[in-house]
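model_5.csv, holding CSV, C-alpha atoms and all ligand atoms:
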chain,number,residue,atom,x,y,z
I,246,MET,CA,0.7,-13.1,-15.2
I,247,THR,CA,-1.1,-11.0,-17.9
I,248,LEU,CA,-0.1,-7.4,-17.7
I,249,ASN,CA,-2.0,-4.4,-18.7
I,250,SER,CA,0.6,-2.3,-20.5
I,251,ALA,CA,-1.1,1.1,-20.1
I,252,SER,CA,1.6,3.7,-20.9
I,253,HIS,CA,-0.6,6.7,-19.9
I,254,TYR,CA,-1.5,7.6,-16.3
I,255,THR,CA,-3.5,5.2,-14.2
I,256,GLY,CA,-3.7,5.9,-10.5
I,257,ARG,CA,-5.6,4.2,-7.6
I,258,PHE,CA,-6.9,4.6,-4.1
I,259,ALA,CA,-6.8,1.3,-2.3
I,260,PRO,CA,-8.7,1.4,1.1
I,261,SER,CA,-8.9,-1.7,3.3
I,262,PRO,CA,-12.5,-2.2,4.5
I,263,THR,CA,-11.5,-2.4,8.1
I,264,GLY,CA,-13.2,0.9,9.0
I,265,ALA,CA,-14.9,3.9,7.5
I,266,LEU,CA,-12.8,6.7,5.8
I,267,HIS,CA,-11.5,9.3,8.2
I,268,ALA,CA,-9.8,12.6,7.9
I,269,GLY,CA,-6.4,10.9,7.3
I,270,SER,CA,-7.6,8.5,4.6
I,271,LEU,CA,-9.4,11.2,2.7
I,272,VAL,CA,-6.1,13.0,2.2
I,273,ALA,CA,-4.7,10.0,0.3
I,274,ALA,CA,-8.0,9.6,-1.6
I,275,LEU,CA,-8.1,13.2,-2.6
I,276,ALA,CA,-4.4,13.4,-3.5
I,277,SER,CA,-4.6,10.3,-5.7
I,278,TRP,CA,-7.7,11.6,-7.4
I,279,LEU,CA,-6.2,15.0,-8.0
I,280,ASP,CA,-2.9,13.5,-9.3
I,281,ALA,CA,-4.9,11.3,-11.8
I,282,ARG,CA,-7.0,14.3,-13.0
I,283,ALA,CA,-3.9,16.6,-13.2
I,284,HIS,CA,-2.4,14.0,-15.6
I,285,GLY,CA,-5.6,13.5,-17.5
I,286,GLY,CA,-5.5,9.9,-16.4
I,287,GLN,CA,-7.8,7.3,-14.9
I,288,TRP,CA,-8.5,6.9,-11.2
I,289,LEU,CA,-9.4,3.5,-9.8
I,290,VAL,CA,-10.7,2.3,-6.5
I,291,ARG,CA,-9.5,-1.0,-5.2
I,292,ILE,CA,-11.0,-2.6,-2.1
I,293,GLU,CA,-8.1,-4.3,-0.3
I,294,ASP,CA,-10.0,-7.1,1.4
I,295,ALA,CA,-7.4,-9.9,0.9
I,296,ASP,CA,-7.1,-10.2,4.7
I,297,SER,CA,-10.7,-11.2,5.4
I,298,THR,CA,-10.0,-11.5,9.1
I,299,ARG,CA,-9.6,-7.7,9.4
I,300,CYS,CA,-12.5,-6.7,7.2
I,301,LEU,CA,-15.9,-5.4,8.5
I,302,PRO,CA,-19.0,-6.5,6.6
I,303,GLY,CA,-20.5,-3.6,4.5
I,304,MET,CA,-17.5,-1.3,5.1
I,305,ASP,CA,-16.7,-1.4,1.3
I,306,GLN,CA,-20.1,0.2,0.6
I,307,THR,CA,-19.6,2.7,3.4
I,308,ILE,CA,-16.3,3.8,1.9
I,309,LEU,CA,-17.6,4.0,-1.6
I,310,ARG,CA,-20.6,6.1,-0.4
I,311,GLN,CA,-18.2,8.4,1.5
I,312,LEU,CA,-16.0,8.9,-1.6
I,313,ALA,CA,-19.1,9.5,-3.8
I,314,ALA,CA,-20.3,12.2,-1.3
I,315,CYS,CA,-17.0,14.0,-1.9
I,316,GLY,CA,-17.3,13.7,-5.7
I,317,LEU,CA,-14.6,11.1,-6.0
I,318,HIS,CA,-15.9,8.3,-8.3
I,319,SER,CA,-13.9,5.4,-9.6
I,320,ASP,CA,-13.5,5.4,-13.4
I,321,GLN,CA,-14.1,1.6,-13.4
I,322,PRO,CA,-16.1,-0.7,-11.2
I,323,PRO,CA,-14.1,-1.1,-8.0
I,324,ARG,CA,-11.8,-4.2,-7.9
I,325,TYR,CA,-11.9,-6.5,-4.9
I,326,GLN,CA,-8.8,-8.3,-3.8
I,327,SER,CA,-11.0,-11.2,-2.5
I,328,GLY,CA,-11.8,-12.0,-6.1
I,329,CYS,CA,-8.1,-12.2,-7.2
I,330,SER,CA,-6.6,-15.1,-5.2
I,331,ALA,CA,-5.9,-17.1,-8.4
I,332,LEU,CA,-3.7,-14.2,-9.7
I,333,TYR,CA,-1.8,-14.0,-6.4
I,334,GLN,CA,-1.2,-17.7,-6.4
I,335,GLN,CA,0.0,-17.5,-10.0
I,336,ALA,CA,2.5,-14.8,-8.9
I,337,LEU,CA,3.6,-16.8,-5.9
I,338,ASP,CA,4.1,-19.9,-8.1
I,339,ALA,CA,6.3,-17.8,-10.4
I,340,LEU,CA,8.4,-16.6,-7.4
I,341,ILE,CA,8.8,-20.1,-6.1
I,342,ALA,CA,9.8,-21.3,-9.6
I,343,SER,CA,12.4,-18.6,-9.9
I,344,GLY,CA,13.8,-19.2,-6.4
I,345,HIS,CA,12.6,-15.9,-5.0
I,346,ALA,CA,10.2,-17.5,-2.5
I,347,TYR,CA,10.7,-20.3,-0.1
I,348,PRO,CA,8.5,-22.2,2.4
I,349,CYS,CA,8.8,-21.4,6.1
I,350,GLY,CA,7.9,-23.7,8.9
I,351,CYS,CA,8.5,-21.3,11.8
I,352,SER,CA,5.9,-20.3,14.3
I,353,ARG,CA,6.1,-16.9,16.0
I,354,ARG,CA,7.6,-18.7,19.1
I,355,ASP,CA,10.3,-20.4,16.9
I,356,ILE,CA,11.2,-17.0,15.5
I,357,THR,CA,11.4,-15.4,19.0
I,358,LEU,CA,13.6,-18.2,20.3
I,359,ALA,CA,15.9,-18.1,17.3
I,360,LEU,CA,16.3,-14.3,17.7
I,361,GLN,CA,17.0,-14.6,21.4
I,362,HIS,CA,19.5,-17.4,20.7
I,363,SER,CA,21.4,-15.1,18.3
I,364,GLY,CA,21.2,-12.1,20.6
I,365,GLN,CA,19.0,-10.2,18.1
I,366,THR,CA,15.6,-9.2,19.4
I,367,LYS,CA,14.9,-6.4,17.0
I,368,VAL,CA,11.3,-5.7,16.5
I,369,ARG,CA,9.9,-3.6,13.6
I,370,HIS,CA,6.4,-2.2,13.8
I,371,SER,CA,5.7,-5.0,16.4
I,372,GLU,CA,6.8,-7.6,13.8
I,373,LEU,CA,9.9,-9.7,14.5
I,374,ILE,CA,12.6,-9.5,11.8
I,375,TYR,CA,12.8,-13.0,10.4
I,376,PRO,CA,16.2,-14.6,11.2
I,377,GLY,CA,16.2,-16.7,8.0
I,378,THR,CA,15.9,-20.1,9.7
I,379,CYS,CA,14.1,-21.8,6.8
I,380,ARG,CA,16.2,-20.1,4.0
I,381,ALA,CA,18.2,-23.3,3.6
I,382,GLY,CA,15.3,-25.7,3.9
I,383,LEU,CA,12.5,-26.8,6.2
I,384,ARG,CA,14.6,-29.5,8.0
I,385,GLY,CA,11.6,-31.8,8.4
I,386,LYS,CA,9.2,-29.1,9.6
I,387,PRO,CA,5.9,-28.8,7.7
I,388,ALA,CA,5.6,-25.6,5.6
I,389,ARG,CA,3.4,-23.0,7.2
I,390,ALA,CA,3.9,-19.9,5.2
I,391,TRP,CA,5.9,-18.6,2.1
I,392,ARG,CA,8.5,-15.9,2.4
I,393,PHE,CA,10.4,-13.7,-0.1
I,394,ARG,CA,14.2,-14.2,-0.1
I,395,ALA,CA,15.4,-10.6,0.3
I,396,PRO,CA,18.8,-10.0,-1.4
I,397,ASP,CA,21.6,-9.8,1.2
I,398,GLN,CA,23.0,-6.3,1.9
I,399,ALA,CA,21.5,-4.7,-1.1
I,400,LEU,CA,20.6,-1.0,-0.8
I,401,LEU,CA,17.5,-0.2,-2.7
I,402,HIS,CA,17.2,3.4,-3.9
I,403,TRP,CA,14.1,5.1,-5.1
I,404,GLN,CA,12.8,8.6,-5.6
I,405,ASP,CA,9.5,9.7,-4.0
I,406,ARG,CA,7.8,12.6,-5.7
I,407,ARG,CA,7.3,14.3,-2.4
I,408,LEU,CA,9.8,12.8,0.1
I,409,GLY,CA,12.7,12.8,-2.4
I,410,ALA,CA,15.5,10.2,-2.4
I,411,GLN,CA,14.8,7.1,-0.3
I,412,VAL,CA,17.0,4.1,0.5
I,413,GLN,CA,16.4,0.8,2.3
I,414,ASP,CA,18.3,-2.5,2.8
I,415,VAL,CA,15.3,-4.8,3.0
I,416,SER,CA,17.4,-7.7,4.3
I,417,THR,CA,18.5,-5.9,7.4
I,418,ALA,CA,15.5,-3.5,7.9
I,419,VAL,CA,12.7,-6.0,7.3
I,420,GLY,CA,14.2,-9.5,6.6
I,421,ASP,CA,12.6,-12.2,4.4
I,422,PHE,CA,9.0,-11.1,4.5
I,423,ILE,CA,5.8,-13.1,4.2
I,424,LEU,CA,4.0,-13.6,0.9
I,425,LYS,CA,1.4,-16.1,2.0
I,426,ARG,CA,0.5,-16.5,5.6
I,427,ALA,CA,0.0,-19.8,7.6
I,428,ASP,CA,-3.8,-19.2,7.5
I,429,GLY,CA,-3.7,-19.2,3.7
I,430,CYS,CA,-4.2,-15.4,3.3
I,431,PHE,CA,-2.0,-13.6,0.7
I,432,ALA,CA,0.1,-10.9,2.3
I,433,TYR,CA,-0.5,-7.2,1.5
I,434,GLN,CA,3.0,-6.9,-0.1
I,435,LEU,CA,2.3,-9.6,-2.7
I,436,ALA,CA,-1.4,-8.6,-3.4
I,437,VAL,CA,-0.6,-4.9,-3.8
I,438,VAL,CA,2.2,-5.6,-6.3
I,439,VAL,CA,0.2,-8.0,-8.3
I,440,ASP,CA,-2.8,-5.7,-8.4
I,441,ASP,CA,-0.8,-2.6,-9.3
I,442,ALA,CA,0.8,-4.5,-12.2
I,443,ASP,CA,-2.4,-6.2,-13.4
I,444,GLN,CA,-4.3,-2.9,-13.3
I,445,GLY,CA,-1.5,-1.0,-15.1
I,446,ILE,CA,-1.0,1.4,-12.3
I,447,THR,CA,1.6,4.0,-13.3
I,448,ASP,CA,1.4,6.2,-10.2
I,449,VAL,CA,0.9,5.2,-6.6
I,450,VAL,CA,-0.2,8.1,-4.4
I,451,ARG,CA,-0.8,7.0,-0.8
I,452,GLY,CA,-0.2,8.0,2.9
I,453,GLU,CA,3.4,8.4,4.1
I,454,ASP,CA,2.9,5.6,6.7
I,455,LEU,CA,3.1,3.2,3.7
I,456,ALA,CA,6.3,4.7,2.3
I,457,ASP,CA,8.4,2.1,4.0
I,458,ASN,CA,6.7,-0.7,2.1
I,459,THR,CA,8.0,0.6,-1.2
I,460,ALA,CA,11.4,-1.1,-1.2
I,461,ARG,CA,9.7,-4.5,-0.5
I,462,GLN,CA,7.2,-3.8,-3.3
I,463,MET,CA,10.0,-2.8,-5.7
I,464,LEU,CA,11.9,-6.1,-4.9
I,465,LEU,CA,8.7,-8.0,-5.8
I,466,GLN,CA,8.2,-6.0,-9.0
I,467,ARG,CA,11.7,-6.8,-10.1
I,468,ALA,CA,11.4,-10.5,-9.2
I,469,LEU,CA,8.1,-10.7,-11.1
I,470,GLY,CA,9.4,-8.7,-14.1
I,471,VAL,CA,6.7,-6.0,-13.9
I,472,ALA,CA,7.1,-2.3,-14.1
I,473,THR,CA,7.7,-0.1,-11.0
I,474,PRO,CA,5.2,2.8,-10.7
I,475,ARG,CA,6.2,6.3,-9.6
I,476,TYR,CA,5.4,6.9,-5.9
I,477,LEU,CA,4.2,9.9,-4.0
I,478,HIS,CA,3.5,9.6,-0.3
I,479,THR,CA,1.2,12.2,1.2
I,480,PRO,CA,1.5,13.9,4.6
I,481,LEU,CA,-0.3,12.2,7.5
I,482,VAL,CA,-3.0,13.7,9.7
I,483,LEU,CA,-2.0,13.5,13.4
I,484,GLY,CA,-4.5,12.9,16.2
I,485,ALA,CA,-4.7,14.8,19.4
I,486,ASN,CA,-2.0,12.4,20.9
I,487,GLY,CA,0.4,13.3,18.1
I,488,GLU,CA,0.1,9.9,16.6
I,489,LYS,CA,-1.0,9.2,13.0
I,490,LEU,CA,-4.8,9.3,12.8
I,491,SER,CA,-5.9,5.7,12.1
I,492,LYS,CA,-8.9,3.4,12.3
I,493,GLN,CA,-6.9,1.5,15.0
I,494,ASN,CA,-6.6,4.6,17.3
I,495,GLY,CA,-10.3,5.5,16.9
I,496,ALA,CA,-10.3,8.1,14.2
I,497,LEU,CA,-13.8,9.5,13.6
I,498,ALA,CA,-15.6,8.4,10.4
I,499,LEU,CA,-15.7,11.1,7.8
I,500,ASP,CA,-18.9,13.2,8.1
I,501,VAL,CA,-20.3,12.9,4.6
I,502,GLY,CA,-23.1,15.3,5.4
I,503,GLN,CA,-20.4,18.0,5.3
I,504,PRO,CA,-18.3,16.9,2.3
I,505,LEU,CA,-16.9,20.4,1.7
I,506,THR,CA,-15.6,20.8,5.2
I,507,ALA,CA,-14.0,17.3,5.0
I,508,LEU,CA,-12.5,18.1,1.6
I,509,ASN,CA,-11.2,21.5,2.7
I,510,GLN,CA,-9.4,19.9,5.7
I,511,ALA,CA,-7.8,17.3,3.5
I,512,ALA,CA,-6.8,19.9,0.9
I,513,ALA,CA,-5.2,22.0,3.6
I,514,VAL,CA,-3.0,19.1,4.6
I,515,LEU,CA,-1.9,18.9,1.0
I,516,GLY,CA,-1.0,22.6,0.9
I,517,LEU,CA,-4.1,23.6,-1.2
I,518,THR,CA,-6.2,26.6,-0.4
I,519,ALA,CA,-9.8,26.5,0.9
I,520,GLN,CA,-12.7,26.6,-1.6
I,521,HIS,CA,-16.3,27.5,-1.1
I,522,VAL,CA,-18.3,25.3,-3.5
I,523,ALA,CA,-17.8,21.5,-3.4
I,524,ALA,CA,-18.2,20.9,-7.2
I,525,ASP,CA,-15.8,23.8,-8.0
I,526,ALA,CA,-13.3,23.0,-5.3
I,527,LEU,CA,-12.1,19.8,-7.1
I,528,SER,CA,-11.4,21.6,-10.3
I,529,HIS,CA,-9.6,24.5,-8.5
I,530,TRP,CA,-7.5,22.0,-6.7
I,531,VAL,CA,-6.5,20.2,-9.9
I,532,ALA,CA,-5.0,23.4,-11.2
I,533,GLN,CA,-3.2,24.0,-7.8
I,534,TRP,CA,-2.0,20.4,-7.7
I,535,LYS,CA,-0.4,20.8,-11.1
I,536,CYS,CA,1.8,23.6,-9.8
I,537,LEU,CA,2.6,22.0,-6.5
I,538,TYR,CA,3.2,18.3,-7.3
I,539,ASN,CA,3.7,17.8,-11.0
I,540,ARG,CA,7.4,17.4,-10.8
I,541,ALA,CA,9.2,14.7,-12.7
I,542,PRO,CA,10.3,11.9,-10.4
I,601,LIG,N1,-4.9,-0.9,1.8
I,601,LIG,C1,-3.8,-0.1,2.3
I,601,LIG,C2,-4.4,0.7,3.5
I,601,LIG,O1,-5.6,0.9,3.5
I,601,LIG,C3,-3.3,0.8,1.3
I,601,LIG,C4,-2.4,0.1,0.3
I,601,LIG,C5,-1.7,1.0,-0.7
I,601,LIG,O2,-2.1,2.1,-1.0
I,601,LIG,O3,-0.6,0.5,-1.2
I,601,LIG,O4,-3.6,1.2,4.3
Represent the structure contained in this file as C-alpha cells.
Ligand code: GLU
Amino acid sequence: MTLNSASHYTGRFAPSPTGALHAGSLVAALASWLDARAHGGQWLVRIEDADSTRCLPGMDQTILRQLAACGLHSDQPPRYQSGCSALYQQALDALIASGHAYPCGCSRRDITLALQHSGQTKVRHSELIYPGTCRAGLRGKPARAWRFRAPDQALLHWQDRRLGAQVQDVSTAVGDFILKRADGCFAYQLAVVVDDADQGITDVVRGEDLADNTARQMLLQRALGVATPRYLHTPLVLGANGEKLSKQNGALALDVGQPLTALNQAAAVLGLTAQHVAADALSHWVAQWKCLYNRAP
C-alpha cells in the first residue's frame, strides 16, 4: 500500500450516504472541521459508500450541499470508498500473507449453533461474537468471508483526546471481526483504516458512538504497518427517547435554510458559545476550540 506520509495535520469527516446529515452528525462534522482549522491543517470529506446495500442514491450530494450551506467545504474533492476496492483488496491480501486474516465458512446459523453449544450466547450491538470456528481451517467448508485474527487476551490501551484513557481486549469484547463479507463488500473496519492511512489522516474526530471501533482499527493499523492517528470522540446528541440521534431512529434532516441555528445547536453540544453571524461564527469557534480541545494526547 502506498502511504501518504503527511506529518502535519490532516483531518476528515466520513459520512455514510445512508441518510441526510442530522443534528448529531453535524456535531462530528463541525468538530472535525474546527480541529483541522485550529491546527492550521487540511479537512477532507470522505463518502463512506463501501457498503452499497445501505446507501441511498443522491445522498452524497445532499450531504455535501448541507455541509456547504454550513460553510464546511472539503479541502480536496471528496473521496468515495466505492472507488477504492482495489486498495482494500491489496490490504486484505497483505493481511492474508502475514497470517492476520483467515477465511471463514460460517453462516450466521453456524455461529449461533456453535455459541449455543459452548454455552456462550453473548451478543454485541446485535452482532454475535465469533467463536473462532474457522481459526484453525475451513474443514472442507467453502470460504464465505474473511476475518481478522484478534490477538488472544491482549489489552489494547489508547488515549482519547476527550474521553481519556481507554482499554479493550478485542478478542473477548468483539472476537475475530469481519474484513470482507460473504457478499463481497469490504467491512467498515478495513476500509476506514486503509483510507485513513492512504489519505495521511493524522487526527480522527468523530462521534462517541464510534469510539468502540478504535481498538479494532488500531490492531489493523499495526498489522498493516501504518501509523495510528490521534482520536477525539465527540459527545452524542440524544433524541427525545434518550437514545442517540441517528438516521436509523428517524432523526430529522438538517434544515440548511437555517444553517446558523443548526451550527449553534451543534456548537452548544461541543461546549462552544452561541454566535450571531454564520460566517463569523466559524472563526470565533476556532479560537474557542483551541482553548477547549487542543490538549496533547
Ligand atoms: N461512516 C461512519 C459513519 O457515518 C463514520 C466512520 C468514521 O468516522 O470512522 O458513522
Hey, could you make a per-residue contact list for chain I against ligand LIG 601 (chain I) with 9 Å as the cut-off, showing the nearest pair of atoms and its distance in Å to one decimal, counting all atoms listed in the file, sorted by chain and number, as a Markdown table?
| residue | atom | partner | partner_atom | distance |
| --- | --- | --- | --- | --- |
| I:Arg257 | CA | I:LIG601 | O2 | 7.8 |
| I:Phe258 | CA | I:LIG601 | O2 | 6.2 |
| I:Ala259 | CA | I:LIG601 | O2 | 4.9 |
| I:Pro260 | CA | I:LIG601 | O1 | 4.0 |
| I:Ser261 | CA | I:LIG601 | O1 | 4.2 |
| I:Pro262 | CA | I:LIG601 | O1 | 7.6 |
| I:Thr263 | CA | I:LIG601 | O1 | 8.2 |
| I:Ser270 | CA | I:LIG601 | O1 | 7.9 |
| I:Ala273 | CA | I:LIG601 | O2 | 8.4 |
| I:Arg291 | CA | I:LIG601 | N1 | 8.4 |
| I:Ile292 | CA | I:LIG601 | N1 | 7.4 |
| I:Glu293 | CA | I:LIG601 | N1 | 5.1 |
| I:Asp294 | CA | I:LIG601 | N1 | 8.0 |
| I:Tyr433 | CA | I:LIG601 | C4 | 7.6 |
| I:Gln434 | CA | I:LIG601 | O3 | 8.3 |
| I:Val437 | CA | I:LIG601 | O3 | 6.0 |
| I:Val438 | CA | I:LIG601 | O3 | 8.4 |
| I:Asp441 | CA | I:LIG601 | O3 | 8.7 |
| I:Val449 | CA | I:LIG601 | O2 | 7.1 |
| I:Val450 | CA | I:LIG601 | O2 | 7.2 |
| I:Arg451 | CA | I:LIG601 | O2 | 5.1 |
| I:Gly452 | CA | I:LIG601 | O2 | 7.3 |
| I:Asp454 | CA | I:LIG601 | O4 | 8.2 |
| I:Leu455 | CA | I:LIG601 | O3 | 6.7 |
| I:Ala456 | CA | I:LIG601 | O3 | 8.8 |
| I:Asn458 | CA | I:LIG601 | O3 | 8.1 |
| I:Thr459 | CA | I:LIG601 | O3 | 8.6 |
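Taking CA of Ser319 in chain I and CA of Leu271 in chain I as endpoints, the distance between them is 14.3 Å.
Minimum atom-to-atom distance to Val522 in chain I, evaluated using all atoms listed in the file, belongs to I:Asn509 out of I:Leu266, I:Cys300, I:Gly256, I:Asn509.
Coordinates place CA of Arg389 in chain I at a distance of 8.8 Å from CA of Gly429 in chain I.
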Check: How many Å separate CA of Gln444 in chain I from CA of Gly269 in chain I?
Finding: 24.9 Å
Margin query: Need the shell around His529 in chain I: protein/DNA/RNA residues with any atom at most 10 Å away, counting all atoms listed in the file. Skip same-chain ones fewer than 4 positions apart. Format as number ranges by chain?
Written below: I: 517-520, 524-525, 533-534
Next item on the list: Take the point (-12.9, 0.9, -13.0) in the file's coordinates, draw a sphere of radius 8 Å around it, and report as a PyMOL selection string every protein, DNA or RNA residue with an atom inside or on it, counting all atoms listed in the file.
Entry: chain I and resi 288-290+319-324
Checklist line | Selection near Asp405 in chain I, 7 Å with only C-alpha atoms, sequence-local residues under 2 positions removed, as a VMD selection string | finding: chain I and resid 403 407 to 411 476 to 477 542
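In terms of minimum interatomic distance to Gly445 in chain I, I:Ala472 ranks closest within I:Ala472, I:Leu464, I:Ala523, I:Cys430, counting all atoms listed in the file.
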Checklist line | Near-Gly377 in chain I list (12 Å; only C-alpha atoms; drop same-chain fewer than 6 positions) as a PyMOL selection string | finding: chain I and resi 347-351+355-356+359-360+363+383+392-397+416-417+419-423
Coordinates of box centre and edge lengths for range 481-486 of chain I, 3 Å on every side, axis-aligned, as lines of an AutoDock Vina configuration file:
center_x = -2.5
center_y = 13.5
center_z = 14.2
size_x = 10.4
size_y = 8.6
size_z = 19.4
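In this comparison, which uses only C-alpha atoms, the residue of I:Gly285, I:Leu312, I:Gly502, I:Thr479 approaching Arg406 in chain I most closely is I:Thr479.
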Note to self: I'd like to know which of I:Val531, I:Ala331, I:Ala436, I:Leu401 is closest to Asp414 in chain I, using only C-alpha atoms.
What the structure shows: I:Leu401
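Counting all atoms listed in the file and comparing I:Ala418, I:Ala274, I:Met463, I:Leu537, the residue that lies closest to Ala511 in chain I is I:Ala274.
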